[in-house]
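Student: Handing over data10.csv, CSV, C-alpha atoms.
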chain,number,residue,atom,x,y,z
A,1,MET,CA,-15.1,60.7,37.5
A,2,THR,CA,-14.6,57.0,37.4
A,3,PRO,CA,-16.7,55.4,40.2
A,4,ALA,CA,-15.0,53.1,42.6
A,5,VAL,CA,-16.0,49.5,43.3
A,6,PRO,CA,-18.7,49.6,45.9
A,7,VAL,CA,-18.2,48.0,49.3
A,8,PRO,CA,-19.8,44.5,49.1
A,9,LYS,CA,-22.8,43.7,51.1
A,10,SER,CA,-22.5,41.1,53.8
A,11,ARG,CA,-23.9,38.3,51.6
A,12,ASP,CA,-21.6,39.3,48.7
A,13,ALA,CA,-18.6,39.4,51.1
A,14,LEU,CA,-19.3,35.8,52.2
A,15,PHE,CA,-19.6,34.6,48.6
A,16,ILE,CA,-16.3,36.4,47.8
A,17,VAL,CA,-14.5,34.7,50.6
A,18,LEU,CA,-15.9,31.3,49.7
A,19,ALA,CA,-15.0,31.9,46.0
A,20,LEU,CA,-11.4,32.9,46.9
A,21,VAL,CA,-10.9,29.9,49.2
A,22,SER,CA,-12.2,27.5,46.5
A,23,LEU,CA,-9.8,29.0,44.0
A,24,TYR,CA,-6.8,28.9,46.4
A,25,PHE,CA,-7.2,25.2,47.1
A,26,ILE,CA,-9.2,23.6,44.4
A,27,TRP,CA,-7.3,25.3,41.5
A,28,GLY,CA,-4.0,24.6,43.4
A,29,SER,CA,-4.9,20.9,43.2
A,30,THR,CA,-6.0,20.9,39.6
A,31,TYR,CA,-2.4,21.0,38.3
A,32,LEU,CA,-1.9,17.5,39.8
A,33,GLY,CA,-5.4,16.5,38.5
A,34,ILE,CA,-4.4,17.6,34.9
A,35,HIS,CA,-1.0,15.8,35.3
A,36,GLN,CA,-2.8,12.6,36.3
A,37,ALA,CA,-5.4,12.9,33.5
A,38,VAL,CA,-2.9,13.3,30.7
A,39,GLN,CA,-0.1,11.0,31.7
A,40,ALA,CA,0.4,7.4,30.5
A,41,GLY,CA,-3.0,5.8,29.8
A,42,GLY,CA,-4.7,9.1,30.0
A,43,PHE,CA,-6.2,11.8,27.8
A,44,ALA,CA,-4.5,13.7,25.0
A,45,SER,CA,-4.0,17.4,25.9
A,46,PHE,CA,-6.8,19.0,23.9
A,47,GLN,CA,-8.9,15.9,24.2
A,48,LEU,CA,-9.0,16.6,27.9
A,49,ASN,CA,-9.9,20.3,27.4
A,50,ALA,CA,-12.5,19.6,24.8
A,51,THR,CA,-14.4,16.9,26.7
A,52,ARG,CA,-14.0,18.6,30.1
A,53,PHE,CA,-15.2,22.1,29.1
A,54,ILE,CA,-17.9,21.0,26.6
A,55,PHE,CA,-19.4,18.7,29.3
A,56,SER,CA,-19.1,21.4,32.0
A,57,GLY,CA,-20.5,24.1,29.7
A,58,LEU,CA,-23.5,22.0,28.6
A,59,LEU,CA,-24.2,20.9,32.1
A,60,LEU,CA,-24.2,24.5,33.5
A,61,LEU,CA,-26.1,25.8,30.5
A,62,GLY,CA,-28.8,23.2,31.0
A,63,ILE,CA,-29.1,24.0,34.7
A,64,LEU,CA,-29.5,27.7,33.9
A,65,LEU,CA,-32.1,27.2,31.2
A,66,ILE,CA,-34.1,24.9,33.5
A,67,ARG,CA,-34.0,27.7,36.1
A,68,GLY,CA,-35.5,30.1,33.5
A,69,GLU,CA,-32.4,32.1,32.7
A,70,LYS,CA,-32.6,34.2,29.6
A,71,ILE,CA,-30.5,33.5,26.5
A,72,PRO,CA,-27.9,36.3,26.1
A,73,SER,CA,-27.9,38.6,23.1
A,74,ARG,CA,-25.8,37.7,20.1
A,75,ILE,CA,-23.2,40.2,21.0
A,76,GLN,CA,-22.9,39.0,24.6
A,77,MET,CA,-22.6,35.4,23.4
A,78,ARG,CA,-19.9,36.4,20.9
A,79,ASN,CA,-17.9,38.3,23.6
A,80,ALA,CA,-18.2,35.4,26.0
A,81,ALA,CA,-17.0,33.0,23.4
A,82,ILE,CA,-13.9,35.2,22.8
A,83,ILE,CA,-13.1,35.3,26.5
A,84,GLY,CA,-13.6,31.5,26.7
A,85,ILE,CA,-11.1,30.9,24.0
A,86,PHE,CA,-8.5,33.1,25.8
A,87,LEU,CA,-9.1,31.4,29.1
A,88,VAL,CA,-9.8,27.8,28.2
A,89,ILE,CA,-7.4,27.5,25.2
A,90,GLY,CA,-4.8,30.0,26.0
A,91,GLY,CA,-4.7,29.6,29.7
A,92,ASN,CA,-5.8,26.1,30.6
A,93,GLY,CA,-5.0,24.5,27.2
A,94,LEU,CA,-1.3,25.5,27.1
A,95,THR,CA,-1.0,24.4,30.8
A,96,THR,CA,-2.4,21.0,29.9
A,97,LEU,CA,-0.1,20.7,26.9
A,98,ALA,CA,3.0,21.6,29.0
A,99,LEU,CA,2.0,19.0,31.6
A,100,LYS,CA,1.4,16.4,29.0
A,101,TRP,CA,4.8,17.0,27.6
A,102,GLY,CA,6.5,16.5,30.9
A,103,ALA,CA,6.4,19.8,32.9
A,104,PRO,CA,6.2,19.2,36.6
A,105,SER,CA,2.8,20.3,38.1
A,106,GLY,CA,4.4,22.3,40.9
A,107,LEU,CA,6.6,24.3,38.6
A,108,SER,CA,3.8,25.0,36.2
A,109,ALA,CA,1.7,26.5,39.0
A,110,THR,CA,4.7,28.6,40.0
A,111,ILE,CA,4.8,30.1,36.6
A,112,ILE,CA,1.1,30.9,36.8
A,113,ALA,CA,2.0,33.1,39.8
A,114,THR,CA,3.0,35.7,37.2
A,115,THR,CA,-0.6,36.3,36.2
A,116,SER,CA,-0.9,39.6,38.0
A,117,LEU,CA,2.3,40.8,36.3
A,118,TRP,CA,0.7,40.2,32.9
A,119,ALA,CA,-2.7,41.6,34.0
A,120,GLY,CA,-0.9,44.8,35.0
A,121,LEU,CA,0.8,45.1,31.6
A,122,TRP,CA,-2.4,44.3,29.6
A,123,SER,CA,-4.3,46.9,31.6
A,124,THR,CA,-2.2,49.6,29.9
A,125,LEU,CA,-4.0,48.9,26.6
A,126,TRP,CA,-7.0,50.5,28.1
A,127,GLY,CA,-5.2,53.6,29.4
A,128,ASN,CA,-4.5,52.2,32.9
A,129,ARG,CA,-1.0,53.5,33.3
A,130,PRO,CA,1.0,51.6,35.9
A,131,ARG,CA,2.1,53.5,39.0
A,132,ARG,CA,5.8,53.5,40.0
A,133,LEU,CA,5.2,50.7,42.5
A,134,GLU,CA,3.6,48.6,39.8
A,135,TRP,CA,6.6,49.0,37.6
A,136,ILE,CA,8.8,48.1,40.5
A,137,GLY,CA,6.7,45.0,41.1
A,138,MET,CA,6.9,44.0,37.5
A,139,GLY,CA,10.7,44.3,37.6
A,140,ILE,CA,10.9,42.2,40.7
A,141,GLY,CA,8.6,39.6,39.1
A,142,VAL,CA,10.8,39.4,36.0
A,143,ILE,CA,13.8,38.8,38.3
A,144,GLY,CA,11.9,36.0,40.0
A,145,VAL,CA,11.0,34.5,36.6
A,146,ALA,CA,14.7,34.7,35.6
A,147,VAL,CA,15.8,32.9,38.7
A,148,LEU,CA,13.1,30.3,38.1
A,149,THR,CA,14.4,29.6,34.6
A,150,LEU,CA,17.7,28.5,36.2
A,151,ASP,CA,15.8,25.6,37.7
A,152,GLY,CA,17.2,22.3,36.5
A,153,ASN,CA,13.7,21.2,35.4
A,154,PHE,CA,13.8,23.7,32.6
A,155,SER,CA,16.8,21.9,30.9
A,156,ARG,CA,15.2,18.5,31.5
A,157,ASN,CA,11.7,19.5,30.4
A,158,PRO,CA,11.8,22.3,27.8
A,159,ALA,CA,8.0,22.0,27.5
A,160,ILE,CA,7.9,24.2,30.6
A,161,PHE,CA,8.6,27.2,28.4
A,162,ILE,CA,5.1,26.7,26.8
A,163,GLN,CA,3.7,27.3,30.2
A,164,PHE,CA,4.8,30.9,30.2
A,165,ALA,CA,2.3,31.8,27.5
A,166,ALA,CA,-0.6,30.5,29.6
A,167,PRO,CA,-0.7,33.3,32.2
A,168,MET,CA,-0.2,35.9,29.5
A,169,LEU,CA,-3.3,34.8,27.6
A,170,TRP,CA,-5.3,34.1,30.8
A,171,ALA,CA,-4.6,37.6,32.1
A,172,LEU,CA,-5.5,39.2,28.7
A,173,GLY,CA,-8.8,37.4,28.6
A,174,SER,CA,-9.5,38.4,32.2
A,175,ILE,CA,-8.8,42.1,31.6
A,176,LEU,CA,-10.7,42.1,28.3
A,177,SER,CA,-13.8,40.6,29.9
A,178,ARG,CA,-14.1,43.8,32.0
A,179,HIS,CA,-14.4,45.9,28.9
A,180,LEU,CA,-16.9,43.9,26.9
A,181,GLU,CA,-20.6,43.5,27.2
A,182,MET,CA,-20.9,40.0,28.8
A,183,PRO,CA,-23.8,37.7,29.8
A,184,ASP,CA,-25.0,38.0,33.3
A,185,GLY,CA,-23.6,35.8,36.1
A,186,LEU,CA,-23.1,32.1,35.5
A,187,MET,CA,-24.4,32.3,31.9
A,188,ALA,CA,-21.0,33.9,31.0
A,189,SER,CA,-19.2,30.9,32.5
A,190,ALA,CA,-21.4,28.4,30.7
A,191,ILE,CA,-20.8,30.0,27.3
A,192,GLU,CA,-17.1,30.6,27.9
A,193,MET,CA,-16.5,26.9,28.9
A,194,LEU,CA,-18.6,25.6,26.0
A,195,ALA,CA,-16.9,27.9,23.4
A,196,GLY,CA,-13.5,27.0,24.7
A,197,GLY,CA,-14.2,23.3,24.7
A,198,ILE,CA,-15.5,23.5,21.1
A,199,ALA,CA,-12.4,25.5,20.0
A,200,ALA,CA,-10.2,22.7,21.5
A,201,LEU,CA,-11.6,20.2,18.9
A,202,PRO,CA,-9.9,21.5,15.8
A,203,ILE,CA,-6.7,22.2,17.7
A,204,SER,CA,-6.7,18.6,18.8
A,205,LEU,CA,-7.1,17.5,15.2
A,206,ALA,CA,-4.4,19.9,14.0
A,207,LEU,CA,-2.0,18.4,16.6
A,208,GLY,CA,-2.8,14.9,15.4
A,209,GLU,CA,-3.9,13.8,18.8
A,210,THR,CA,-5.2,10.2,19.1
A,211,TRP,CA,-8.3,10.0,21.2
A,212,ALA,CA,-7.7,6.6,22.9
A,213,MET,CA,-10.0,5.5,25.7
A,214,PRO,CA,-8.3,6.7,29.0
A,215,ASP,CA,-7.8,4.4,31.9
A,216,SER,CA,-9.8,4.5,35.1
A,217,ASN,CA,-7.3,6.8,37.0
A,218,ALA,CA,-7.5,9.3,34.2
A,219,TRP,CA,-11.3,9.3,34.3
A,220,TRP,CA,-11.3,9.9,38.1
A,221,ALA,CA,-9.0,12.9,37.5
A,222,TRP,CA,-11.4,14.0,34.7
A,223,LEU,CA,-14.4,13.9,37.0
A,224,TYR,CA,-12.5,16.0,39.6
A,225,LEU,CA,-11.5,18.6,37.0
A,226,VAL,CA,-15.1,18.8,35.7
A,227,PHE,CA,-16.9,19.2,39.0
A,228,ALA,CA,-14.3,20.8,41.2
A,229,GLY,CA,-12.0,22.6,38.7
A,230,SER,CA,-14.7,23.8,36.2
A,231,MET,CA,-18.1,23.8,37.9
A,232,ILE,CA,-16.8,25.2,41.2
A,233,GLY,CA,-13.4,26.8,40.5
A,234,TYR,CA,-14.1,28.4,37.0
A,235,ASN,CA,-17.4,29.8,38.1
A,236,ALA,CA,-15.9,31.2,41.3
A,237,TYR,CA,-13.3,33.0,39.2
A,238,ILE,CA,-15.9,34.5,36.8
A,239,TYR,CA,-17.9,35.6,39.8
A,240,LEU,CA,-14.9,37.3,41.3
A,241,LEU,CA,-14.1,39.2,38.1
A,242,THR,CA,-17.5,40.9,38.4
A,243,LYS,CA,-17.2,41.7,42.1
A,244,VAL,CA,-13.6,42.6,43.0
A,245,ARG,CA,-10.5,44.1,41.5
A,246,PRO,CA,-8.4,42.1,39.1
A,247,ALA,CA,-5.6,42.0,41.6
A,248,VAL,CA,-7.9,40.2,44.1
A,249,ALA,CA,-9.5,37.9,41.5
A,250,THR,CA,-6.0,36.7,40.4
A,251,SER,CA,-4.7,36.4,44.0
A,252,TYR,CA,-5.1,32.6,43.7
A,253,ALA,CA,-1.8,32.7,41.8
A,254,TYR,CA,0.0,33.3,45.1
A,255,ILE,CA,-1.5,30.2,46.9
A,256,ASN,CA,-1.8,27.7,44.0
A,257,PRO,CA,2.0,27.2,43.6
A,258,LEU,CA,2.3,26.3,47.3
A,259,VAL,CA,-0.6,23.8,47.1
A,260,ALA,CA,0.7,22.4,43.8
A,261,LEU,CA,4.3,22.1,44.9
A,262,GLY,CA,3.2,20.4,48.1
A,263,LEU,CA,0.8,17.9,46.5
A,264,GLY,CA,3.3,17.1,43.7
A,265,ALA,CA,6.1,16.4,46.1
A,266,TRP,CA,3.8,14.4,48.5
A,267,LEU,CA,1.7,12.3,46.1
A,268,ILE,CA,3.9,11.8,43.0
A,269,GLY,CA,7.4,12.5,44.3
A,270,GLU,CA,8.1,15.6,42.2
A,271,LYS,CA,11.5,17.1,43.1
A,272,ILE,CA,11.4,20.7,44.3
A,273,GLU,CA,14.6,22.5,43.2
A,274,ALA,CA,16.3,25.1,45.5
A,275,ARG,CA,16.0,27.7,42.8
A,276,THR,CA,12.2,27.3,42.7
A,277,LEU,CA,12.1,28.0,46.5
A,278,ILE,CA,14.2,31.1,45.9
A,279,ALA,CA,12.3,32.3,42.9
A,280,LEU,CA,8.8,31.8,44.4
A,281,PRO,CA,9.1,34.5,47.2
A,282,ILE,CA,10.7,36.9,44.7
A,283,ILE,CA,7.7,36.5,42.4
A,284,PHE,CA,5.4,36.8,45.3
A,285,VAL,CA,7.0,40.1,46.4
A,286,GLY,CA,6.7,41.5,42.9
A,287,MET,CA,3.1,40.5,42.5
A,288,GLY,CA,2.3,41.8,46.0
A,289,CYS,CA,3.7,45.3,44.9
A,290,ILE,CA,1.4,45.2,41.8
A,291,ALA,CA,-1.6,44.1,43.9
A,292,TRP,CA,-1.0,46.9,46.5
A,293,ALA,CA,-0.7,49.6,43.8
A,294,GLN,CA,-3.8,48.4,42.0
A,295,ASN,CA,-5.7,48.3,45.2
A,296,GLN,CA,-5.2,52.1,45.5
A,297,LYS,CA,-6.9,52.8,42.2
A,298,PRO,CA,-10.6,53.2,41.6
A,299,ILE,CA,-11.7,51.0,38.7
A,300,PRO,CA,-14.8,51.4,36.5
A,301,ILE,CA,-17.8,49.2,37.1
A,302,LYS,CA,-20.4,48.2,34.6
A,303,GLU,CA,-23.8,49.7,34.7
A,304,ALA,CA,-26.6,47.2,35.5
Please rewrite the model in this file as structure tokens.

Tutor:
Amino acid sequence: MTPAVPVPKSRDALFIVLALVSLYFIWGSTYLGIHQAVQAGGFASFQLNATRFIFSGLLLLGILLIRGEKIPSRIQMRNAAIIGIFLVIGGNGLTTLALKWGAPSGLSATIIATTSLWAGLWSTLWGNRPRRLEWIGMGIGVIGVAVLTLDGNFSRNPAIFIQFAAPMLWALGSILSRHLEMPDGLMASAIEMLAGGIAALPISLALGETWAMPDSNAWWAWLYLVFAGSMIGYNAYIYLLTKVRPAVATSYAYINPLVALGLGAWLIGEKIEARTLIALPIIFVGMGCIAWAQNQKPIPIKEA
């Protein structure tokens, strides 16, 4: 019989709450941070990803080694590198590219709200057959996405369509990480960020990006993305993946759009289309159905 996820101890419960809150609000604000970092006078798309995640990965790896953490096995390092490429390049990299090419930050975050939908679909590859409620949720989510594509921003900024691949690849990496032998704790985060950052270098070269020196505003955004988005947010997400169900770990996708839409409208005057306000609750209902159904299922846990 597949064992259920154990009830967290009080200390774990506190860390889980803190991790969720940090994802809800910090990652909700990183869309605006990325937007500011890559706009005029800023970073090229994969220049930002390479420098941000290589620096974050090296910093975290150095801290862990100083603390006496063991170097993972070769298999664990390989698996962490694979997951890092899915998350950093597929998820974050495509989001950065879409924002660089003109996608509004709030709308990008709204598309990310479909992460749970893709997580449910990818889970079927490992024999996790969706329940009827999950299929209903996926159908509702697709309707919400269809409404969202009617937003006028899609015709004005076709780069937004690139954004749709980001939650698909992020969800695949997240689900895959639960089925591979991974390094313990924060060591997984360090290797994933470092591998993803290194993988961004040849992609930047292939895209012909020019690595100009960014202006001061872009550097401030970079610092925020490194220390808040990566060092706090990314590590909080990896921690949650080892402690709670995927539906809970990806629940940030419900809050991030609200934070991103609000900050984008308030600070840089992004227009919120009526169709976005209609599509968002439809997507939330669909993802809520998926989360509810997944919460009823026991899931396997890794042996210590």

Student: Which is closer to Asn256 of chain A than all the others in A:Leu58, A:Leu18, A:Ala109, A:Ala50, using all atoms listed in the file?

Tutor: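 Closest residue, counting all atoms listed in the file: A:Ala109.
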
Student: Using only C-alpha atoms, which of A:Met187, A:Ala103, A:Met168, A:Ala13 sits nearest Gln39 of chain A?

Tutor: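 Looking only at the distances to Gln39 of chain A, the closest residue turns out to be A:Ala103.
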
Student: In Å, rounded to a single decimal, give me how far atom CA of Ala199 of chain A is from atom CA of Ile85 of chain A.

Tutor: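 Spanning atom CA of Ile85 of chain A to atom CA of Ala199 of chain A is a straight-line distance of 6.8 Å.
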
Student: Excluding Leu97 of chain A and its own-chain neighbours fewer than 5 positions away, which residues fall within 10 Å of it when counting all atoms listed in the file? Please give them as a PyMOL selection string.

Tutor: chain A and resi 34-35+38+44-46+48-49+92+102-103+159-160+162-163

Student: Just the selected residues (C-alpha atoms), exported as a compact mmCIF listing (two decimals), in the frame of the given file, please.

Tutor:
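New file part_11.txt:
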# COMPACT_ATOMS: atom_id res chain seq x y z
CA ILE A 34 -4.40 17.60 34.90
CA HIS A 35 -1.00 15.80 35.30
CA VAL A 38 -2.90 13.30 30.70
CA ALA A 44 -4.50 13.70 25.00
CA SER A 45 -4.00 17.40 25.90
CA PHE A 46 -6.80 19.00 23.90
CA LEU A 48 -9.00 16.60 27.90
CA ASN A 49 -9.90 20.30 27.40
CA ASN A 92 -5.80 26.10 30.60
CA GLY A 102 6.50 16.50 30.90
CA ALA A 103 6.40 19.80 32.90
CA ALA A 159 8.00 22.00 27.50
CA ILE A 160 7.90 24.20 30.60
CA ILE A 162 5.10 26.70 26.80
CA GLN A 163 3.70 27.30 30.20

Student: Can you list, as JSON, numbers by chain, every protein, DNA or RNA residue that comes within 10 Å of Gly197 of chain A when you count only C-alpha atoms, leaving out same-chain residues fewer than 6 positions away?

Tutor: {"A": [46, 47, 48, 49, 50, 51, 52, 53, 54, 55, 56, 57, 84, 85, 88, 89, 93, 191]}

Student: Go ahead and dump the residues you just picked, C-alpha atoms, as an mmCIF file, in the coordinates of the input.

Tutor:
data_model
loop_
_atom_site.group_PDB
_atom_site.id
_atom_site.type_symbol
_atom_site.label_atom_id
_atom_site.label_comp_id
_atom_site.auth_asym_id
_atom_site.auth_seq_id
_atom_site.Cartn_x
_atom_site.Cartn_y
_atom_site.Cartn_z
ATOM 1 C CA PHE A 46 -6.800 19.000 23.900
ATOM 2 C CA GLN A 47 -8.900 15.900 24.200
ATOM 3 C CA LEU A 48 -9.000 16.600 27.900
ATOM 4 C CA ASN A 49 -9.900 20.300 27.400
ATOM 5 C CA ALA A 50 -12.500 19.600 24.800
ATOM 6 C CA THR A 51 -14.400 16.900 26.700
ATOM 7 C CA ARG A 52 -14.000 18.600 30.100
ATOM 8 C CA PHE A 53 -15.200 22.100 29.100
ATOM 9 C CA ILE A 54 -17.900 21.000 26.600
ATOM 10 C CA PHE A 55 -19.400 18.700 29.300
ATOM 11 C CA SER A 56 -19.100 21.400 32.000
ATOM 12 C CA GLY A 57 -20.500 24.100 29.700
ATOM 13 C CA GLY A 84 -13.600 31.500 26.700
ATOM 14 C CA ILE A 85 -11.100 30.900 24.000
ATOM 15 C CA VAL A 88 -9.800 27.800 28.200
ATOM 16 C CA ILE A 89 -7.400 27.500 25.200
ATOM 17 C CA GLY A 93 -5.000 24.500 27.200
ATOM 18 C CA ILE A 191 -20.800 30.000 27.300
#

Student: May I have the residues at most 10 Å from (-1.6, 31.4, 27.7) in the file's coordinates, counting only C-alpha atoms, as an MDAnalysis selection string?

Tutor: chainID A and resid 86:95 112 115 162:173

Student: Using atom CA of Ser230 of chain A and atom CA of Ser123 of chain A as the two end points, give the distance in Å to one decimal.

Tutor: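 Interatomic distance, atom CA of Ser230 of chain A to atom CA of Ser123 of chain A: 25.7 Å.
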
Student: Quick check, in Å to one decimal: how far apart do atom CA of Val244 of chain A and atom CA of Leu263 of chain A lie?

Tutor: 28.8 Å

Student: Taking 6 positions as the minimum chain separation for residues in the same chain, which residues sit within 9 Å of Ala236 of chain A when counting only C-alpha atoms? Answer as number ranges by chain.

Tutor: A: 15-16, 18-20, 22-23

Student: Go ahead and save the picked residues with C-alpha atoms, as a JSON list (two decimals), in the frame of the given file.

Tutor:
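The file below, out-v8.json, is the result:
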[["chain", "number", "residue", "atom", "x", "y", "z"],
["A", 15, "PHE", "CA", -19.60, 34.60, 48.60],
["A", 16, "ILE", "CA", -16.30, 36.40, 47.80],
["A", 18, "LEU", "CA", -15.90, 31.30, 49.70],
["A", 19, "ALA", "CA", -15.00, 31.90, 46.00],
["A", 20, "LEU", "CA", -11.40, 32.90, 46.90],
["A", 22, "SER", "CA", -12.20, 27.50, 46.50],
["A", 23, "LEU", "CA", -9.80, 29.00, 44.00]]

Student: Within 12 Å of Trp220 of chain A, counting all atoms listed in the file, which residues show up once you throw out same-chain ones fewer than 5 positions away? Write them as a VMD selection string, please.

Tutor: chain A and resid 33 to 34 36 to 38 42 to 43 214 to 215 225 to 228

Student: Grab the residues selected above and save them as a PDB file, in the frame of the given file with C-alpha atoms.

Tutor:
ATOM      1  CA  GLY A  33      -5.400  16.500  38.500  1.00  0.00           C
ATOM      2  CA  ILE A  34      -4.400  17.600  34.900  1.00  0.00           C
ATOM      3  CA  GLN A  36      -2.800  12.600  36.300  1.00  0.00           C
ATOM      4  CA  ALA A  37      -5.400  12.900  33.500  1.00  0.00           C
ATOM      5  CA  VAL A  38      -2.900  13.300  30.700  1.00  0.00           C
ATOM      6  CA  GLY A  42      -4.700   9.100  30.000  1.00  0.00           C
ATOM      7  CA  PHE A  43      -6.200  11.800  27.800  1.00  0.00           C
ATOM      8  CA  PRO A 214      -8.300   6.700  29.000  1.00  0.00           C
ATOM      9  CA  ASP A 215      -7.800   4.400  31.900  1.00  0.00           C
ATOM     10  CA  LEU A 225     -11.500  18.600  37.000  1.00  0.00           C
ATOM     11  CA  VAL A 226     -15.100  18.800  35.700  1.00  0.00           C
ATOM     12  CA  PHE A 227     -16.900  19.200  39.000  1.00  0.00           C
ATOM     13  CA  ALA A 228     -14.300  20.800  41.200  1.00  0.00           C
TER      14      ALA A 228
END

Student: Nearest residue to Thr96 of chain A out of A:Leu176, A:Leu32, A:Leu14, A:Ala188, using only C-alpha atoms?

Tutor: A:Leu32

Student: Please provide the set of residues having any atom within 8 Å of Ile136 of chain A, restricted to all atoms listed in the file, with same-chain residues fewer than 4 positions apart removed, written as a list of chain:residue names.

Tutor: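 Here the answer would be A:Arg132, A:Ile140, A:Gly286, A:Cys289.
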
Student: Convert the current residue selection to file output with C-alpha atoms, as an mmCIF file, keeping the file's coordinate frame.

Tutor:
data_model
loop_
_atom_site.group_PDB
_atom_site.id
_atom_site.type_symbol
_atom_site.label_atom_id
_atom_site.label_comp_id
_atom_site.auth_asym_id
_atom_site.auth_seq_id
_atom_site.Cartn_x
_atom_site.Cartn_y
_atom_site.Cartn_z
ATOM 1 C CA ARG A 132 5.800 53.500 40.000
ATOM 2 C CA ILE A 140 10.900 42.200 40.700
ATOM 3 C CA GLY A 286 6.700 41.500 42.900
ATOM 4 C CA CYS A 289 3.700 45.300 44.900
#

Student: Which segment 144-192 of chain A residues have any atom within 8 Å of an atom of segment 73-82 of chain A, and for each, what is the nearest pair of atoms with distance in Å to one decimal, counting all atoms listed in the file, rows sorted by chain and number, as a Markdown table?

Tutor:
| residue | atom | partner | partner_atom | distance |
| --- | --- | --- | --- | --- |
| A:Ser177 | CA | A:Ala80 | CA | 7.8 |
| A:Leu180 | CA | A:Asn79 | CA | 6.6 |
| A:Glu181 | CA | A:Gln76 | CA | 5.7 |
| A:Met182 | CA | A:Gln76 | CA | 4.8 |
| A:Pro183 | CA | A:Gln76 | CA | 5.4 |
| A:Ala188 | CA | A:Ala80 | CA | 5.9 |
| A:Ser189 | CA | A:Ala80 | CA | 8.0 |
| A:Ile191 | CA | A:Ala80 | CA | 6.1 |
| A:Glu192 | CA | A:Ala81 | CA | 5.1 |

Student: Pick out the closest residue to Gly141 of chain A from this set: A:Phe161, A:Ile63, A:Leu117, A:Tyr234. Count only C-alpha atoms.

Tutor: A:Leu117

Student: Given the choices A:Asn217, A:Asn128, A:Asn157, A:Thr242, which gets closest to Asp184 of chain A if the distance is worked out from only C-alpha atoms?

Tutor: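 The answer is A:Thr242, which sits nearest to Asp184 of chain A.
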
Student: Return the padded bounding box of segment 129-136 of chain A as lines of an AutoDock Vina configuration file: axis-aligned, built from all atoms listed in the file, 8 Å added on each side, with centre and edge lengths in Å to one decimal.

Tutor:
center_x = 3.9
center_y = 50.8
center_z = 37.9
size_x = 25.8
size_y = 21.4
size_z = 25.2
